[in-house]
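Peer 1: Dropping a structure here in structure tokens format, bear with me for questions.
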Amino acid sequence: MYSFLTHLECTNCGEQYPTDKLITTCPACGKVLYARYDLAAAAKEMTKEALVGRPWNLWRYHEIMPVQNPVNALTLGEGGTALLNTPRLGKHFGFDKLIVKDEGGNPTGSFKARGLASAVSRAKELGVSAVSIPSAGNAAAAMSAYAANGGLEAYVFMPEDAPAVMKAECVTYGAKVYLVKGLINDAGKIGKIGCDARGWFDVSTLKEPYRAEGKKTMGLELAEQLGWRVPDAIIYPTGGGTGIVGMWKAFDELEKMGLIGSKRPKMIVVQAENCAPIVRAFERGERFAEPWQGAHTVAPGIRVPGAIGDYLILDSVRESDGTCIAVSDDEILDGVRELASKEGIYASPEVGAVVAAAKNLRASGFLKHEDETVLFATGAGIKHTELVNVDLAVLDPNDPNVLDAIDHAYA
């Protein structure tokens with residue numbers, strides 16, 4: 001068997017559903033559905049030895065992925081991203097071992113490629129001809145790319161201030177792109193109207209069961225790259241939270257398959273201080289997060305006022321003895337510069353938030369110097385050049401004092 005998918009299960013009320021029909025959230029309570037597998041049977045096929053010869057893409061873990069027929073497994077080479085030691089940044093912050101998982105190496109430049117490869121592939125397998133998404137940018141680009149790869153129509157609803165590069169990407173992939181006044185939740189409202197009226201399939205974050213399956217491959221891959229173990233801590237920028245949720249699910253599945261032990265990393269959520277609904281709920285001891293009013297930040301990927309998977313995010317943080325932390329926009333931009341200037345990794349502002357969080361958590365003592373800590377660099381910085389203020393000196397090759405001009409330019 002290519003996949004050992006057995007059923008869908010509600011993460012809230014426990015109701016189970018078959019996998020042969022399109023479904024979004026739980027019909028009984030409206031909460032998030034998980035894909036479930038025959039893990040005992042999958043473990044006999046997805047062995048450490050079997051994985052050695054497989055390509056480093058999303059589908060190397062196909063036994064615990066939702067696509068039933070490999071002909072429907074769309075791929076643009078996603079997955080297999082670099083795990084980079086960052087000794088200079090680590091020493092600067094006081095870590096013995098600080099590691100970056102560079103998801104900017106994925107197709108379309110972000111971790112969103114993983115989730116949308118899985119969601120669009122499964123939607124196609126179940127007969128979908130058109131997909132829709134509300135997005136701050138990167139998810140829309142990824143969905144548009146995989147829809148093009150699979151021959152599906154794509155409908156994108158983005159806040160009007162989404163990064164220009166991502167708007168252009170979606171249009172180039174052939175998606176129909178609509179700009180929306182407001183934030184991603186406003187884009188979601190309009191997208192739902194279209195889905196209900198036109199029959200498009202909504203692949204919003206955690207509003208269907210298969211996008212999280214693509215995201216969980218970050219956890220599967222990380223454990224394999226570390227020699228079938230997990231680090232002491234994972235720091236992750238969190239908007240909709242599918243990455244945190246997916247990795248937590250991955251670690252549980254790997255343990256049940258006998259591939260890792262019971263140890264879990266501290267799961268650490270990072271949000272922007274002006275859009276931090278998960279952080280606020282964590283600090284209040286609540287399981288569900290109230291929507292954030294007036295959200296704004298330089299990091300569009302974490303400008304998400306409310307998340308349907310809030311309880312799953314908060315559960316994973318608490319069960320792992322992790323934490324939630326908010327950082328300022330100034331800290332986010334400083335984090336982008338520190339990672340780039342010390343390690344040569346030019347990452348998105350969401351990653352700047354992760355860098356800032358690592359710095360603050362080490363300074364506060366929450367993370368110890370000996371804690372092996374993985375920072376998830378979820379996207380490439382090259383797509384956010386509008387955030388870099390560049391004012392450079394112009395040199396005249398005929399100027400007899402050009403060396404003085406060179407020296408004075410950065411004085």
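We name chains A, B, ... following the order of the structure tokens; residues begin at 1 in each chain, and ligands are numbered from 1 as shown.
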Taking the backbone alone, and naming residues the way the document does, which bits of segment 61-120 of chain A are alpha helix (DSSP H) by DSSP, as a count of residues only?

Peer 2: 16

Peer 1: Which residues are near Gly199 of chain A? Cut-off 12 Å, only C-alpha atoms, ignore same chain within fewer than 6 positions. Put them as number ranges by chain.

Peer 2: A: 22, 127-132, 153, 155, 191-193

Peer 1: Those residues with N, CA and C atoms, as a PDB file, in the first residue's frame please?

Peer 2:
ATOM      1  N   LEU A  22     -14.854  14.486   0.243  1.00  0.00           N
ATOM      2  CA  LEU A  22     -14.348  15.791   0.651  1.00  0.00           C
ATOM      3  C   LEU A  22     -14.956  16.210   1.980  1.00  0.00           C
ATOM      4  N   GLY A 127     -11.286  14.526  -6.469  1.00  0.00           N
ATOM      5  CA  GLY A 127     -12.118  15.051  -7.545  1.00  0.00           C
ATOM      6  C   GLY A 127     -12.283  16.550  -7.618  1.00  0.00           C
ATOM      7  N   VAL A 128     -11.553  17.292  -6.823  1.00  0.00           N
ATOM      8  CA  VAL A 128     -11.654  18.757  -6.849  1.00  0.00           C
ATOM      9  C   VAL A 128     -11.072  19.311  -8.145  1.00  0.00           C
ATOM     10  N   SER A 129     -11.714  20.321  -8.685  1.00  0.00           N
ATOM     11  CA  SER A 129     -11.201  20.971  -9.891  1.00  0.00           C
ATOM     12  C   SER A 129     -10.787  22.412  -9.642  1.00  0.00           C
ATOM     13  N   ALA A 130     -11.179  22.981  -8.480  1.00  0.00           N
ATOM     14  CA  ALA A 130     -10.824  24.367  -8.166  1.00  0.00           C
ATOM     15  C   ALA A 130     -10.601  24.503  -6.666  1.00  0.00           C
ATOM     16  N   VAL A 131      -9.511  25.172  -6.286  1.00  0.00           N
ATOM     17  CA  VAL A 131      -9.174  25.370  -4.877  1.00  0.00           C
ATOM     18  C   VAL A 131      -9.114  26.860  -4.568  1.00  0.00           C
ATOM     19  N   SER A 132      -9.339  27.179  -3.297  1.00  0.00           N
ATOM     20  CA  SER A 132      -9.388  28.574  -2.863  1.00  0.00           C
ATOM     21  C   SER A 132      -8.651  28.717  -1.546  1.00  0.00           C
ATOM     22  N   GLU A 153      -7.894  24.901 -11.052  1.00  0.00           N
ATOM     23  CA  GLU A 153      -8.079  26.346 -10.980  1.00  0.00           C
ATOM     24  C   GLU A 153      -7.767  26.811  -9.557  1.00  0.00           C
ATOM     25  N   TYR A 155      -8.046  30.133  -6.760  1.00  0.00           N
ATOM     26  CA  TYR A 155      -8.640  31.413  -6.384  1.00  0.00           C
ATOM     27  C   TYR A 155      -7.981  31.885  -5.089  1.00  0.00           C
ATOM     28  N   GLY A 191     -13.562  34.577   0.763  1.00  0.00           N
ATOM     29  CA  GLY A 191     -13.272  33.286   0.156  1.00  0.00           C
ATOM     30  C   GLY A 191     -14.361  32.268   0.445  1.00  0.00           C
ATOM     31  N   LYS A 192     -14.896  32.279   1.657  1.00  0.00           N
ATOM     32  CA  LYS A 192     -15.963  31.333   2.025  1.00  0.00           C
ATOM     33  C   LYS A 192     -17.216  31.583   1.198  1.00  0.00           C
ATOM     34  N   ILE A 193     -17.521  32.851   0.961  1.00  0.00           N
ATOM     35  CA  ILE A 193     -18.678  33.172   0.123  1.00  0.00           C
ATOM     36  C   ILE A 193     -18.507  32.545  -1.264  1.00  0.00           C
TER      37      ILE A 193
END

Peer 1: Could the residues of segment 224-277 of chain A that have an atom at most 8 Å from segment 327-336 of chain A be listed as JSON lines, each with its closest atom pair and the distance in Å to one decimal, counting only C-alpha atoms and ordered by chain and ascending residue number?

Peer 2:
{"residue": "A:Val270", "atom": "CA", "partner": "A:Val327", "partner_atom": "CA", "distance": 7.4}
{"residue": "A:Gln271", "atom": "CA", "partner": "A:Val327", "partner_atom": "CA", "distance": 6.5}
{"residue": "A:Ala272", "atom": "CA", "partner": "A:Val327", "partner_atom": "CA", "distance": 5.1}
{"residue": "A:Glu273", "atom": "CA", "partner": "A:Val327", "partner_atom": "CA", "distance": 5.2}
{"residue": "A:Asn274", "atom": "CA", "partner": "A:Ser328", "partner_atom": "CA", "distance": 7.6}

Peer 1: Please provide the set of residues having any atom within 8 Å of Ser118 of chain A, restricted to only C-alpha atoms, with same-chain residues fewer than 4 positions apart removed, written as a list of chain:residue names.

Peer 2: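 In the requested form, the answer reads A:Met65, A:Pro66, A:Val67, A:Ala73, A:Leu74, A:Arg114, A:Arg122, A:Tyr210, A:Arg211, A:Glu213, A:Gly214.
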
Peer 1: How many Å separate atom CA of Met46 of chain A from atom CA of Leu126 of chain A?

Peer 2: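 Computing it gives 24.5 Å between the two atoms.
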
Peer 1: Go through A:Ala250, A:Leu395, A:Ala175, A:Cys324 one by one, measure the shortest atom-to-atom distance of each to Tyr61 of chain A using only C-alpha atoms, and give the residue with the smallest value.

Peer 2: A:Ala250

Peer 1: If I take atom CA of Lys124 of chain A and atom CA of Val177 of chain A, how far is one from the other in Å, to one decimal?

Peer 2: 20.4 Å

Peer 1: Residues near Arg264 of chain A, anyone? I mean within 9 Å using only C-alpha atoms, not counting same-chain ones fewer than 3 positions away, as a VMD selection string.

Peer 2: chain A and resid 230 to 233 248 251 261 267 320
